[in-house]
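Next comes work_20.cif, a file with mmCIF, C-alpha atoms.
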data_structure
loop_
_atom_site.label_atom_id
_atom_site.label_comp_id
_atom_site.auth_asym_id
_atom_site.auth_seq_id
_atom_site.Cartn_x
_atom_site.Cartn_y
_atom_site.Cartn_z
CA MET J 1 0.00 0.00 0.00
CA MET J 2 2.76 2.36 1.00
CA ILE J 3 4.78 1.53 -2.07
CA ARG J 4 1.86 2.65 -4.25
CA TYR J 5 2.05 6.19 -2.89
CA VAL J 6 5.82 6.24 -3.27
CA ILE J 7 5.54 5.24 -6.92
CA LEU J 8 2.68 7.67 -7.58
CA ALA J 9 4.87 10.46 -6.18
CA PHE J 10 7.95 9.24 -8.01
CA LEU J 11 6.33 9.06 -11.48
CA PRO J 12 5.95 12.82 -12.09
CA PHE J 13 9.51 13.31 -10.78
CA LEU J 14 10.80 10.79 -13.28
CA ALA J 15 8.65 12.32 -16.02
CA ILE J 16 10.09 15.81 -15.56
CA PHE J 17 13.61 14.39 -15.41
CA LEU J 18 13.11 12.51 -18.69
CA GLN J 19 11.44 15.49 -20.34
CA SER J 20 14.28 17.82 -19.42
CA THR J 21 17.06 15.44 -20.45
CA LEU J 22 16.29 12.51 -22.74
CA PHE J 23 13.29 13.82 -24.70
CA SER J 24 14.46 17.41 -25.05
CA PHE J 25 17.60 16.18 -26.79
CA TYR J 26 15.59 13.87 -29.02
CA SER J 27 12.60 16.04 -29.81
CA ILE J 28 10.41 15.91 -32.91
CA ARG J 29 10.78 19.35 -34.51
CA GLY J 30 11.55 20.87 -31.15
CA THR J 31 8.42 19.38 -29.60
CA ILE J 32 8.65 17.09 -26.61
CA PRO J 33 5.98 14.82 -25.12
CA ASP J 34 4.22 15.58 -21.84
CA LEU J 35 4.73 12.50 -19.68
CA VAL J 36 3.39 14.22 -16.57
CA LEU J 37 0.11 14.78 -18.37
CA MET J 38 0.04 11.14 -19.41
CA PHE J 39 0.40 9.91 -15.83
CA VAL J 40 -2.35 12.30 -14.70
CA VAL J 41 -4.68 11.06 -17.45
CA PHE J 42 -4.08 7.38 -16.62
CA PHE J 43 -4.48 7.98 -12.89
CA ALA J 44 -7.73 9.87 -13.48
CA ILE J 45 -9.18 7.23 -15.83
CA ILE J 46 -8.51 4.47 -13.32
CA ASN J 47 -9.22 6.27 -10.03
CA GLY J 48 -12.02 8.72 -10.81
CA GLU J 49 -12.57 12.45 -10.76
CA ARG J 50 -11.75 13.57 -7.22
CA PRO J 51 -8.44 11.66 -6.87
CA GLY J 52 -7.70 12.63 -10.48
CA THR J 53 -8.16 16.32 -9.77
CA ILE J 54 -5.96 16.24 -6.68
CA TYR J 55 -3.24 14.18 -8.35
CA GLY J 56 -3.32 16.45 -11.40
CA PHE J 57 -3.01 19.54 -9.25
CA LEU J 58 -0.02 18.17 -7.31
CA CYS J 59 1.80 16.91 -10.43
CA GLY J 60 1.26 20.23 -12.16
CA LEU J 61 2.49 22.10 -9.10
CA LEU J 62 5.71 20.08 -9.11
CA GLU J 63 6.24 20.97 -12.76
CA ASP J 64 5.52 24.63 -12.05
CA LEU J 65 7.97 24.77 -9.16
CA TYR J 66 10.61 23.19 -11.36
CA MET J 67 10.10 25.78 -14.08
CA GLY J 68 9.58 28.70 -11.74
CA ARG J 69 7.41 30.78 -14.06
CA LEU J 70 3.68 31.35 -13.76
CA ILE J 71 3.51 29.01 -10.79
CA GLY J 72 0.05 27.44 -10.60
CA LEU J 73 -0.51 27.36 -14.36
CA ASN J 74 0.24 23.71 -14.90
CA ALA J 75 -1.35 22.85 -11.55
CA LEU J 76 -4.70 24.27 -12.65
CA CYS J 77 -4.44 22.87 -16.20
CA LYS J 78 -3.68 19.39 -14.98
CA ALA J 79 -6.31 19.55 -12.26
CA ILE J 80 -8.89 20.31 -14.96
CA VAL J 81 -7.52 17.47 -17.12
CA GLY J 82 -7.69 15.12 -14.13
CA TYR J 83 -11.28 16.17 -13.42
CA SER J 84 -12.54 15.84 -16.99
CA LEU J 85 -10.85 12.50 -17.63
CA GLY J 86 -11.88 11.25 -14.18
CA LYS J 87 -15.52 11.73 -15.25
CA MET J 88 -14.92 8.86 -17.68
CA GLN J 89 -14.33 6.38 -14.87
CA GLY J 90 -17.17 3.92 -14.64
CA ASN J 91 -18.40 4.71 -18.15
CA VAL J 92 -15.62 3.08 -20.16
CA PHE J 93 -13.90 -0.28 -20.47
CA LYS J 94 -10.48 0.52 -19.10
CA GLU J 95 -9.14 -2.78 -20.39
CA ASN J 96 -9.40 -1.37 -23.88
CA MET J 97 -6.10 0.11 -24.97
CA LEU J 98 -8.00 2.68 -27.02
CA VAL J 99 -9.38 4.28 -23.85
CA GLY J 100 -5.89 5.16 -22.65
CA VAL J 101 -4.79 6.42 -26.05
CA LEU J 102 -7.89 8.53 -26.71
CA GLY J 103 -7.78 9.76 -23.12
CA VAL J 104 -4.28 11.05 -23.66
CA LEU J 105 -5.36 12.71 -26.90
CA ALA J 106 -8.27 14.43 -25.16
CA GLY J 107 -6.05 15.33 -22.20
CA THR J 108 -3.41 16.94 -24.43
CA ILE J 109 -5.98 19.08 -26.22
CA ILE J 110 -7.74 20.12 -22.99
CA ASN J 111 -4.39 20.92 -21.37
CA SER J 112 -3.23 23.11 -24.26
CA LEU J 113 -6.53 24.98 -24.52
CA VAL J 114 -6.80 25.67 -20.79
CA MET J 115 -3.17 26.78 -20.72
CA LEU J 116 -3.75 29.19 -23.61
CA ILE J 117 -6.79 30.72 -21.90
CA LEU J 118 -5.18 30.97 -18.45
CA VAL J 119 -2.00 32.62 -19.73
CA LEU J 120 -3.99 35.14 -21.76
CA LEU J 121 -6.05 35.83 -18.64
CA VAL J 122 -3.10 36.34 -16.32
CA SER J 123 -0.26 37.86 -18.32
CA GLY J 124 -2.06 39.21 -21.37
CA PHE J 125 0.03 37.57 -24.05
CA PRO J 126 -0.18 34.09 -25.51
CA VAL J 127 2.18 31.47 -24.14
CA ALA J 128 3.33 30.47 -27.61
CA GLY J 129 3.20 32.27 -30.89
CA SER J 130 1.72 31.37 -34.21
CA ASP J 131 3.06 27.86 -33.90
CA PHE J 132 0.76 27.03 -30.98
CA LEU J 133 -1.45 24.77 -33.08
CA VAL J 134 1.48 23.08 -34.81
CA LYS J 135 3.17 22.39 -31.49
CA THR J 136 -0.02 21.05 -29.96
CA LEU J 137 -0.47 18.77 -32.96
CA TYR J 138 3.06 17.41 -32.75
CA GLN J 139 2.67 16.94 -29.03
CA CYS J 140 -0.56 15.01 -29.57
CA LEU J 141 1.23 12.68 -31.98
CA TYR J 142 4.25 12.19 -29.71
CA ASN J 143 1.99 11.63 -26.70
CA LEU J 144 -0.19 9.14 -28.59
CA LEU J 145 2.84 7.13 -29.61
CA LEU J 146 4.19 6.91 -26.08
CA SER J 147 0.80 6.37 -24.43
CA ILE J 148 0.40 2.87 -25.93
CA PRO J 149 3.21 1.11 -24.02
CA ILE J 150 2.84 3.31 -20.94
CA TYR J 151 -0.92 2.68 -20.61
CA PHE J 152 -0.29 -1.02 -21.03
CA TRP J 153 2.12 -0.98 -18.10
CA TYR J 154 0.04 1.45 -16.02
CA PHE J 155 -3.18 -0.47 -16.41
CA ASN J 156 -1.61 -3.84 -15.60
CA SER J 157 0.26 -2.36 -12.69
CA SER J 158 -2.83 -0.79 -11.15
CA HIS J 159 -4.72 -4.10 -11.35
CA ASN J 160 -2.16 -6.73 -10.49
CA GLY J 161 1.06 -4.89 -9.84
CA LEU J 162 2.66 -2.24 -7.70
CA LEU J 163 0.04 0.42 -8.29
CA LYS J 164 -2.83 -1.78 -7.05
CA ALA J 165 -4.99 0.15 -4.58
CA MET U 1 -27.92 25.98 -7.11
CA PHE U 2 -28.15 26.77 -3.38
CA ARG U 3 -27.11 23.26 -2.57
CA LEU U 4 -23.88 23.88 -4.43
CA LEU U 5 -23.18 26.95 -2.28
CA ARG U 6 -23.48 24.85 0.87
CA ASN U 7 -21.00 22.29 -0.43
CA LYS U 8 -17.66 22.76 1.33
CA TYR U 9 -15.73 21.15 -1.55
CA PHE U 10 -17.11 23.78 -3.90
CA TRP U 11 -15.64 26.54 -1.73
CA ALA U 12 -12.36 24.71 -1.34
CA VAL U 13 -12.02 24.47 -5.12
CA ILE U 14 -12.88 28.17 -5.58
CA LEU U 15 -10.31 29.12 -2.93
CA ILE U 16 -7.56 26.99 -4.52
CA VAL U 17 -8.29 28.42 -7.96
CA ILE U 18 -8.11 31.99 -6.65
CA ILE U 19 -4.86 31.31 -4.76
CA SER U 20 -3.33 29.64 -7.84
CA LEU U 21 -4.30 32.52 -10.12
CA SER U 22 -2.83 35.10 -7.77
CA ILE U 23 0.42 33.15 -7.41
CA MET U 24 0.54 32.86 -11.21
CA ARG U 25 0.08 36.61 -11.45
CA MET U 26 2.88 37.19 -8.93
CA THR U 27 5.33 34.87 -10.66
CA ALA U 28 4.54 36.04 -14.21
CA ALA U 29 7.36 38.60 -14.24
CA PRO U 30 11.01 37.46 -14.12
CA ARG U 31 12.28 37.19 -10.56
CA GLN U 32 15.81 37.24 -9.21
CA GLU U 33 15.20 35.21 -6.09
CA ALA U 34 13.78 31.72 -6.27
CA THR U 35 11.59 30.45 -3.42
CA VAL U 36 12.71 27.74 -1.00
CA ALA U 37 10.46 25.14 -2.64
CA GLU U 38 11.92 25.82 -6.07
CA ASN U 39 15.47 25.59 -4.72
CA ILE U 40 14.77 22.26 -3.04
CA ILE U 41 13.33 20.81 -6.26
CA HIS U 42 16.19 22.10 -8.38
CA ASN U 43 18.81 20.77 -6.00
CA LEU U 44 17.05 17.39 -6.12
CA TYR U 45 17.31 17.30 -9.91
CA SER U 46 20.74 18.79 -10.50
CA PRO U 47 22.90 15.74 -9.56
CA PHE U 48 20.88 13.49 -11.91
CA GLN U 49 20.98 15.98 -14.72
CA LYS U 50 24.74 16.42 -14.31
CA TRP U 51 25.15 12.67 -14.36
CA THR U 52 23.20 12.24 -17.61
CA GLY U 53 25.08 15.21 -19.05
CA ASN U 54 28.34 13.37 -18.43
CA ILE U 55 27.03 10.13 -19.93
CA ARG U 56 25.87 12.01 -23.01
CA GLY U 57 29.26 13.70 -23.32
CA ASN U 58 31.13 10.42 -23.07
CA TRP U 59 28.76 8.64 -25.41
CA GLY U 60 29.36 11.35 -28.00
CA GLY U 61 33.08 10.60 -27.79
CA ILE U 62 32.61 6.84 -28.11
CA SER U 63 30.28 7.03 -31.09
CA TYR U 64 32.75 9.37 -32.75
CA ILE U 65 35.43 6.67 -32.70
CA PHE U 66 33.11 4.22 -34.41
CA SER U 67 31.92 6.63 -37.09
CA GLU U 68 33.39 6.07 -40.50
CA LYS U 69 37.03 6.75 -41.13
CA ARG U 70 36.50 8.06 -44.61
CA SER U 71 34.02 10.72 -43.58
CA LEU U 72 36.47 11.82 -40.91
CA ILE U 73 39.27 12.14 -43.47
CA GLU U 74 36.99 14.15 -45.72
CA ARG U 75 36.11 16.33 -42.84
CA ILE U 76 39.77 16.95 -42.02
CA ASP U 77 40.38 17.96 -45.63
CA THR U 78 37.55 20.48 -45.66
CA LEU U 79 38.63 21.81 -42.28
CA GLU U 80 42.20 22.28 -43.48
CA GLU U 81 40.92 24.15 -46.48
CA LYS U 82 38.79 26.31 -44.24
CA ASN U 83 41.70 26.83 -41.88
CA LYS U 84 43.88 28.20 -44.67
CA GLN U 85 41.13 30.56 -45.71
CA LEU U 86 40.58 31.68 -42.14
CA SER U 87 44.24 32.33 -41.46
CA LEU U 88 44.34 34.49 -44.57
CA ASP U 89 41.30 36.35 -43.34
CA ASN U 90 42.91 36.65 -39.97
CA GLN U 91 45.99 38.36 -41.41
CA MET U 92 43.79 40.91 -43.05
CA LEU U 93 41.72 41.41 -39.92
CA ARG U 94 44.83 41.86 -37.76
CA GLU U 95 45.83 44.67 -40.03
CA TYR U 96 42.40 46.22 -39.70
CA GLN U 97 42.50 45.75 -35.96
CA SER U 98 45.77 47.61 -35.52
CA GLU U 99 44.43 50.34 -37.74
CA ALA U 100 41.24 50.54 -35.74
CA GLU U 101 43.18 50.66 -32.50
CA ARG U 102 45.35 53.52 -33.77
CA LEU U 103 42.28 55.45 -34.86
CA LYS U 104 40.51 54.72 -31.60
CA LYS U 105 43.45 56.05 -29.66
CA ILE U 106 43.38 59.23 -31.73
CA LEU U 107 39.66 59.60 -31.12
CA LYS U 108 39.98 58.51 -27.46
CA PHE U 109 37.32 55.82 -27.83
CA LYS U 110 36.88 53.30 -25.09
CA GLU U 111 37.86 49.72 -25.74
CA ALA U 112 34.71 47.65 -26.25
CA ASN U 113 35.85 44.27 -27.37
CA ILE U 114 34.58 40.89 -26.47
CA LYS U 115 38.17 39.70 -26.07
CA LYS U 116 38.59 41.45 -22.74
CA TYR U 117 35.90 39.53 -20.90
CA THR U 118 36.48 36.43 -18.85
CA LEU U 119 34.60 33.44 -20.21
CA LEU U 120 33.53 30.41 -18.20
CA GLU U 121 32.88 27.27 -20.21
CA ALA U 122 29.81 25.23 -19.40
CA ARG U 123 28.06 22.16 -20.68
CA VAL U 124 24.32 21.95 -21.38
CA ILE U 125 22.90 19.22 -19.14
CA ALA U 126 19.15 19.70 -19.52
CA ARG U 127 16.50 21.67 -21.33
CA SER U 128 13.06 23.00 -20.60
CA PRO U 129 10.69 20.10 -19.83
CA ASN U 130 7.83 21.71 -21.76
CA ASN U 131 7.28 23.13 -25.21
CA TRP U 132 6.45 26.71 -24.33
CA TYR U 133 9.52 27.89 -22.45
CA LYS U 134 12.94 27.98 -24.10
CA THR U 135 15.52 27.36 -21.42
CA ILE U 136 18.62 25.26 -20.85
CA VAL U 137 20.37 24.12 -17.66
CA ILE U 138 24.17 24.36 -17.53
CA ASN U 139 26.58 22.59 -15.20
CA ARG U 140 27.93 25.78 -13.60
CA GLY U 141 26.38 27.56 -10.66
CA GLU U 142 27.01 29.86 -7.75
CA ASN U 143 30.05 27.80 -6.70
CA HIS U 144 31.71 28.66 -10.02
CA GLY U 145 30.90 32.36 -9.82
CA VAL U 146 27.76 32.42 -11.94
CA TYR U 147 25.08 34.95 -10.95
CA TYR U 148 21.71 36.19 -12.14
CA GLY U 149 21.71 38.20 -15.36
CA MET U 150 25.09 37.15 -16.77
CA PRO U 151 25.19 36.92 -20.57
CA VAL U 152 25.71 33.50 -22.16
CA ILE U 153 27.38 33.10 -25.58
CA THR U 154 28.94 30.54 -27.92
CA PRO U 155 31.72 31.23 -30.45
CA GLU U 156 28.91 31.76 -33.02
CA GLY U 157 27.00 34.39 -31.09
CA LEU U 158 24.58 35.30 -28.32
CA VAL U 159 22.67 32.52 -26.55
CA GLY U 160 20.79 34.22 -23.70
CA LYS U 161 21.14 35.16 -20.08
CA ILE U 162 21.23 33.46 -16.69
CA MET U 163 17.82 33.49 -15.05
CA ARG U 164 18.17 31.19 -12.06
CA VAL U 165 21.20 29.98 -10.15
CA ASN U 166 21.65 26.99 -7.83
CA ASN U 167 24.81 25.86 -6.11
CA THR U 168 26.11 23.76 -9.00
CA THR U 169 23.73 24.45 -11.90
CA ALA U 170 22.12 27.47 -13.53
CA GLU U 171 19.17 28.01 -15.82
CA VAL U 172 19.68 30.05 -18.99
CA ASN U 173 16.84 31.78 -20.82
CA LEU U 174 17.47 31.38 -24.54
CA LEU U 175 17.00 34.29 -26.94
CA THR U 176 14.07 32.44 -28.51
CA ASP U 177 12.12 32.56 -25.24
CA ARG U 178 9.15 34.94 -25.22
CA GLU U 179 10.48 36.76 -22.18
CA MET U 180 13.69 37.80 -23.89
CA ALA U 181 14.48 41.07 -25.64
CA VAL U 182 17.87 42.37 -26.73
CA GLY U 183 18.88 45.83 -27.95
CA VAL U 184 20.54 45.50 -31.35
CA ILE U 185 21.99 47.45 -34.30
CA LEU U 186 22.75 46.45 -37.86
CA GLN U 187 26.43 45.74 -38.36
CA ARG U 188 26.64 47.14 -41.91
CA THR U 189 24.89 50.46 -41.50
CA ARG U 190 25.31 50.98 -37.70
CA GLU U 191 21.74 52.26 -37.68
CA THR U 192 18.44 51.38 -36.08
CA ASN U 193 18.36 50.84 -32.39
CA GLY U 194 15.98 47.97 -32.75
CA LEU U 195 14.88 45.31 -30.36
CA VAL U 196 15.14 41.61 -31.06
CA GLU U 197 12.50 39.53 -29.31
CA GLY U 198 12.03 35.82 -28.94
CA LEU U 199 8.85 34.31 -30.28
CA GLY U 200 8.87 31.17 -28.16
CA ASP U 201 9.42 29.49 -31.50
CA GLY U 202 12.17 27.02 -32.34
CA ASN U 203 14.66 29.01 -34.37
CA LEU U 204 13.25 32.40 -35.22
CA LEU U 205 13.53 35.88 -33.73
CA ARG U 206 11.67 39.08 -34.51
CA MET U 207 13.25 42.52 -34.76
CA GLY U 208 10.82 45.37 -34.21
CA ASN U 209 10.98 49.17 -34.02
CA ILE U 210 12.69 49.70 -37.37
CA PRO U 211 11.62 53.05 -38.88
CA TYR U 212 10.11 52.85 -42.39
CA TYR U 213 12.97 54.84 -43.96
CA SER U 214 15.59 52.39 -42.70
CA SER U 215 18.00 50.93 -45.24
CA ALA U 216 17.86 47.51 -43.59
CA GLU U 217 18.09 44.69 -46.11
CA VAL U 218 17.74 40.96 -46.12
CA ASN U 219 21.03 39.26 -45.13
CA ASP U 220 22.11 42.15 -42.92
CA ARG U 221 23.89 41.00 -39.79
CA VAL U 222 22.34 41.98 -36.46
CA ILE U 223 24.60 42.52 -33.44
CA THR U 224 24.03 43.61 -29.84
CA SER U 225 24.00 47.38 -29.38
CA GLY U 226 25.43 47.45 -25.87
CA LEU U 227 22.54 49.69 -24.84
CA SER U 228 20.74 47.04 -22.84
CA THR U 229 22.29 46.64 -19.44
CA THR U 230 22.83 42.90 -19.78
CA TYR U 231 24.86 42.30 -22.93
CA PRO U 232 28.21 43.70 -24.10
CA LYS U 233 28.38 45.42 -27.47
CA GLY U 234 29.14 43.64 -30.72
CA ILE U 235 27.99 40.07 -30.15
CA ASP U 236 26.40 38.41 -33.17
CA VAL U 237 22.67 37.80 -32.82
CA GLY U 238 21.46 36.76 -36.25
CA ILE U 239 20.87 37.55 -39.89
CA ILE U 240 17.77 39.26 -41.29
CA SER U 241 15.78 36.80 -43.38
CA LYS U 242 12.61 38.79 -44.18
CA ILE U 243 11.44 42.39 -43.79
CA SER U 244 7.79 43.37 -43.67
CA ARG U 245 5.82 46.54 -42.99
CA GLU U 246 3.66 46.75 -39.88
CA PRO U 247 -0.08 47.44 -40.35
CA ASN U 248 0.29 51.07 -39.24
CA GLY U 249 2.85 51.65 -42.01
CA LEU U 250 5.33 53.60 -39.85
CA LEU U 251 7.48 50.77 -38.68
CA LEU U 252 9.08 47.71 -40.18
CA THR U 253 9.54 44.34 -38.58
CA ALA U 254 12.19 41.88 -39.62
CA GLU U 255 12.47 38.17 -39.14
CA VAL U 256 15.90 37.34 -37.83
CA LYS U 257 17.48 33.92 -38.18
CA PRO U 258 19.72 33.43 -35.16
CA VAL U 259 23.35 32.49 -35.78
CA VAL U 260 23.25 30.00 -32.92
CA ASP U 261 21.45 26.71 -33.51
CA PHE U 262 19.41 26.58 -30.32
CA ASP U 263 18.28 23.00 -30.89
CA ARG U 264 21.83 21.71 -30.90
CA LEU U 265 23.50 23.62 -28.09
CA GLU U 266 26.01 21.49 -26.23
CA GLU U 267 28.69 23.79 -24.89
CA VAL U 268 28.23 27.44 -24.02
CA MET U 269 30.28 30.17 -22.35
CA VAL U 270 29.21 32.53 -19.57
CA ILE U 271 30.67 36.04 -19.48
CA ILE U 272 31.32 36.36 -15.77
CA ASP U 273 32.79 39.86 -15.54
CA TYR U 274 30.68 42.08 -17.75
CA ILE U 275 29.75 45.37 -16.13
CA PRO U 276 27.23 47.44 -18.10
CA SER U 277 28.87 50.51 -19.66
CA THR U 278 26.81 53.05 -17.72
CA GLU U 279 27.93 51.60 -14.41
CA SER U 280 31.56 51.18 -15.43
CA ASP U 281 31.64 54.84 -16.45
CA GLU U 282 30.62 55.81 -12.96
CA VAL U 283 33.23 53.53 -11.43
CA LYS U 284 35.94 55.11 -13.50
#
As structure tokens:
Amino acid sequence: MMIRYVILAFLPFLAIFLQSTLFSFYSIRGTIPDLVLMFVVFFAIINGERPGTIYGFLCGLLEDLYMGRLIGLNALCKAIVGYSLGKMQGNVFKENMLVGVLGVLAGTIINSLVMLILVLLVSGFPVAGSDFLVKTLYQCLYNLLLSIPIYFWYFNSSHNGLLKA
Amino acid sequence: MFRLLRNKYFWAVILIVIISLSIMRMTAAPRQEATVAENIIHNLYSPFQKWTGNIRGNWGGISYIFSEKRSLIERIDTLEEKNKQLSLDNQMLREYQSEAERLKKILKFKEANIKKYTLLEARVIARSPNNWYKTIVINRGENHGVYYGMPVITPEGLVGKIMRVNNTTAEVNLLTDREMAVGVILQRTRETNGLVEGLGDGNLLRMGNIPYYSSAEVNDRVITSGLSTTYPKGIDVGIISKISREPNGLLLTAEVKPVVDFDRLEEVMVIIDYIPSTESDEVK
């Protein structure tokens, strides 16, 4: 039981580490995947909306503190992603790989949109320029690709493995 | 509706959202001091990032040995050719330099050359973990004499400036980041005190504030003007790739292609003893 919490806390740490080192040196057209978002989506799909919201908020906060700019931005974005994807729990067959993949797709789009709106609201200028859509598209693709093996592991782990509640 | 107002979770969520938005607002502008929480997280990451930086460095060396011999020989040939050309150029430039120095002495100009600054070499160990911010992490920090606001360059040109410092690592904002702006002039005509801004975009900068009568042309080289308090004068920034008129018709904007390839930065140099000219005047 204890080990589950340790791993849940460790995953976003690992994700940020990989994003800042491995993936940023091997990016697709300067676009890197969002592993933190992926873990939030999977957690929300499996555990429901309230745990999903809280987990999303905490993961986003960690990311924000690491980056040190507009602290709270990712926390709110990922909380909203966690909430909306958590709504799916109980209505979908989680065993289906497609649920994880489409969840990540929806999560990436929601995350980007909410981020765009929040940044415009707070600082008055868009977070990225004209290439916002292109970047979001590339990120969707990259995320989709990675979500297949990661959801496979995450789902199995939360039913029979280390992440079992 | 009224039932929602009596729900304590509803109020908790509203409170958290308001707190988050106000913290976002507070941390929107660049800050010199990082909070304790940020420092703890950065210090947690820095040993791992340094470690992977080393592995990457070593792996680069190993794969180099295995790469083809013939391509290496070809490369040596082209480099030798280039070397000859450069040493010829150098002779010419030395002559110009001595001439310039003589003239400067006559005119009592102050020496403003990049040569006189102390450079600290650093290796890039990590990059921004998201797509919207353009930053790198280098393996030099406060222990090596790196502080907030120091300019970062490569032999090709300007990279950015130090935004956050830990004990052994520092975060550099790249020129392409949206928060960055540099005062520049055109090298050929010495005119236009323009401003080059990052677009948050991979490898493109925008130069604004060019008056409509400017003689700026495509392929003009853009260098730092020395008017901003952060960067010394005369560092290469980029080359103009496109000029267009702004809707109001009074100003031009230019797209600038940076001379540094920001996607492939591996080693950079920090200028650790630059004092902005206005301050150094007062000191003297």
Could you spell out the hits of the PyMOL selection byres ((chain J) within 10 of (chain U)) on the shown file, as a PDB file with C-alpha atoms, in the coordinates of the input?
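Saved to part-v4.pdb:
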ATOM      1  CA  PHE J  13       9.510  13.310 -10.780  1.00  0.00           C
ATOM      2  CA  LEU J  14      10.800  10.790 -13.280  1.00  0.00           C
ATOM      3  CA  ALA J  15       8.650  12.320 -16.020  1.00  0.00           C
ATOM      4  CA  ILE J  16      10.090  15.810 -15.560  1.00  0.00           C
ATOM      5  CA  PHE J  17      13.610  14.390 -15.410  1.00  0.00           C
ATOM      6  CA  LEU J  18      13.110  12.510 -18.690  1.00  0.00           C
ATOM      7  CA  GLN J  19      11.440  15.490 -20.340  1.00  0.00           C
ATOM      8  CA  SER J  20      14.280  17.820 -19.420  1.00  0.00           C
ATOM      9  CA  THR J  21      17.060  15.440 -20.450  1.00  0.00           C
ATOM     10  CA  LEU J  22      16.290  12.510 -22.740  1.00  0.00           C
ATOM     11  CA  PHE J  23      13.290  13.820 -24.700  1.00  0.00           C
ATOM     12  CA  SER J  24      14.460  17.410 -25.050  1.00  0.00           C
ATOM     13  CA  PHE J  25      17.600  16.180 -26.790  1.00  0.00           C
ATOM     14  CA  TYR J  26      15.590  13.870 -29.020  1.00  0.00           C
ATOM     15  CA  SER J  27      12.600  16.040 -29.810  1.00  0.00           C
ATOM     16  CA  ARG J  29      10.780  19.350 -34.510  1.00  0.00           C
ATOM     17  CA  GLY J  30      11.550  20.870 -31.150  1.00  0.00           C
ATOM     18  CA  THR J  31       8.420  19.380 -29.600  1.00  0.00           C
ATOM     19  CA  ILE J  32       8.650  17.090 -26.610  1.00  0.00           C
ATOM     20  CA  PRO J  33       5.980  14.820 -25.120  1.00  0.00           C
ATOM     21  CA  ASP J  34       4.220  15.580 -21.840  1.00  0.00           C
ATOM     22  CA  LEU J  35       4.730  12.500 -19.680  1.00  0.00           C
ATOM     23  CA  VAL J  36       3.390  14.220 -16.570  1.00  0.00           C
ATOM     24  CA  PHE J  57      -3.010  19.540  -9.250  1.00  0.00           C
ATOM     25  CA  LEU J  61       2.490  22.100  -9.100  1.00  0.00           C
ATOM     26  CA  LEU J  62       5.710  20.080  -9.110  1.00  0.00           C
ATOM     27  CA  GLU J  63       6.240  20.970 -12.760  1.00  0.00           C
ATOM     28  CA  ASP J  64       5.520  24.630 -12.050  1.00  0.00           C
ATOM     29  CA  LEU J  65       7.970  24.770  -9.160  1.00  0.00           C
ATOM     30  CA  TYR J  66      10.610  23.190 -11.360  1.00  0.00           C
ATOM     31  CA  MET J  67      10.100  25.780 -14.080  1.00  0.00           C
ATOM     32  CA  GLY J  68       9.580  28.700 -11.740  1.00  0.00           C
ATOM     33  CA  ARG J  69       7.410  30.780 -14.060  1.00  0.00           C
ATOM     34  CA  LEU J  70       3.680  31.350 -13.760  1.00  0.00           C
ATOM     35  CA  ILE J  71       3.510  29.010 -10.790  1.00  0.00           C
ATOM     36  CA  GLY J  72       0.050  27.440 -10.600  1.00  0.00           C
ATOM     37  CA  LEU J  73      -0.510  27.360 -14.360  1.00  0.00           C
ATOM     38  CA  ASN J  74       0.240  23.710 -14.900  1.00  0.00           C
ATOM     39  CA  ALA J  75      -1.350  22.850 -11.550  1.00  0.00           C
ATOM     40  CA  LEU J  76      -4.700  24.270 -12.650  1.00  0.00           C
ATOM     41  CA  LEU J 118      -5.180  30.970 -18.450  1.00  0.00           C
ATOM     42  CA  VAL J 119      -2.000  32.620 -19.730  1.00  0.00           C
ATOM     43  CA  LEU J 121      -6.050  35.830 -18.640  1.00  0.00           C
ATOM     44  CA  VAL J 122      -3.100  36.340 -16.320  1.00  0.00           C
ATOM     45  CA  SER J 123      -0.260  37.860 -18.320  1.00  0.00           C
ATOM     46  CA  PHE J 125       0.030  37.570 -24.050  1.00  0.00           C
ATOM     47  CA  PRO J 126      -0.180  34.090 -25.510  1.00  0.00           C
ATOM     48  CA  VAL J 127       2.180  31.470 -24.140  1.00  0.00           C
ATOM     49  CA  ALA J 128       3.330  30.470 -27.610  1.00  0.00           C
ATOM     50  CA  GLY J 129       3.200  32.270 -30.890  1.00  0.00           C
ATOM     51  CA  SER J 130       1.720  31.370 -34.210  1.00  0.00           C
ATOM     52  CA  ASP J 131       3.060  27.860 -33.900  1.00  0.00           C
ATOM     53  CA  PHE J 132       0.760  27.030 -30.980  1.00  0.00           C
ATOM     54  CA  LYS J 135       3.170  22.390 -31.490  1.00  0.00           C
ATOM     55  CA  THR J 136      -0.020  21.050 -29.960  1.00  0.00           C
ATOM     56  CA  GLN J 139       2.670  16.940 -29.030  1.00  0.00           C
TER      57      GLN J 139
END
_Residues near Val104 (chain J), anyone? I mean within 8 Å using all atoms listed in the file, not counting same-chain ones fewer than 6 positions away, as a PyMOL selection string._
chain J and resi 37-38+41-42+143-144+147
Quick one: apply the PyMOL selection byres ((chain U and resi 245) around 12) to the file and drop the selected residues here as a short mmCIF file (atom, residue, chain, number, x, y, z; two decimals) with C-alpha atoms, in the frame of the given file.
data_model
loop_
_atom_site.label_atom_id
_atom_site.label_comp_id
_atom_site.auth_asym_id
_atom_site.auth_seq_id
_atom_site.Cartn_x
_atom_site.Cartn_y
_atom_site.Cartn_z
CA MET U 207 13.25 42.52 -34.76
CA GLY U 208 10.82 45.37 -34.21
CA ASN U 209 10.98 49.17 -34.02
CA ILE U 210 12.69 49.70 -37.37
CA PRO U 211 11.62 53.05 -38.88
CA TYR U 212 10.11 52.85 -42.39
CA TYR U 213 12.97 54.84 -43.96
CA SER U 214 15.59 52.39 -42.70
CA LYS U 242 12.61 38.79 -44.18
CA ILE U 243 11.44 42.39 -43.79
CA SER U 244 7.79 43.37 -43.67
CA GLU U 246 3.66 46.75 -39.88
CA PRO U 247 -0.08 47.44 -40.35
CA ASN U 248 0.29 51.07 -39.24
CA GLY U 249 2.85 51.65 -42.01
CA LEU U 250 5.33 53.60 -39.85
CA LEU U 251 7.48 50.77 -38.68
CA LEU U 252 9.08 47.71 -40.18
CA THR U 253 9.54 44.34 -38.58
CA ALA U 254 12.19 41.88 -39.62
CA GLU U 255 12.47 38.17 -39.14
#
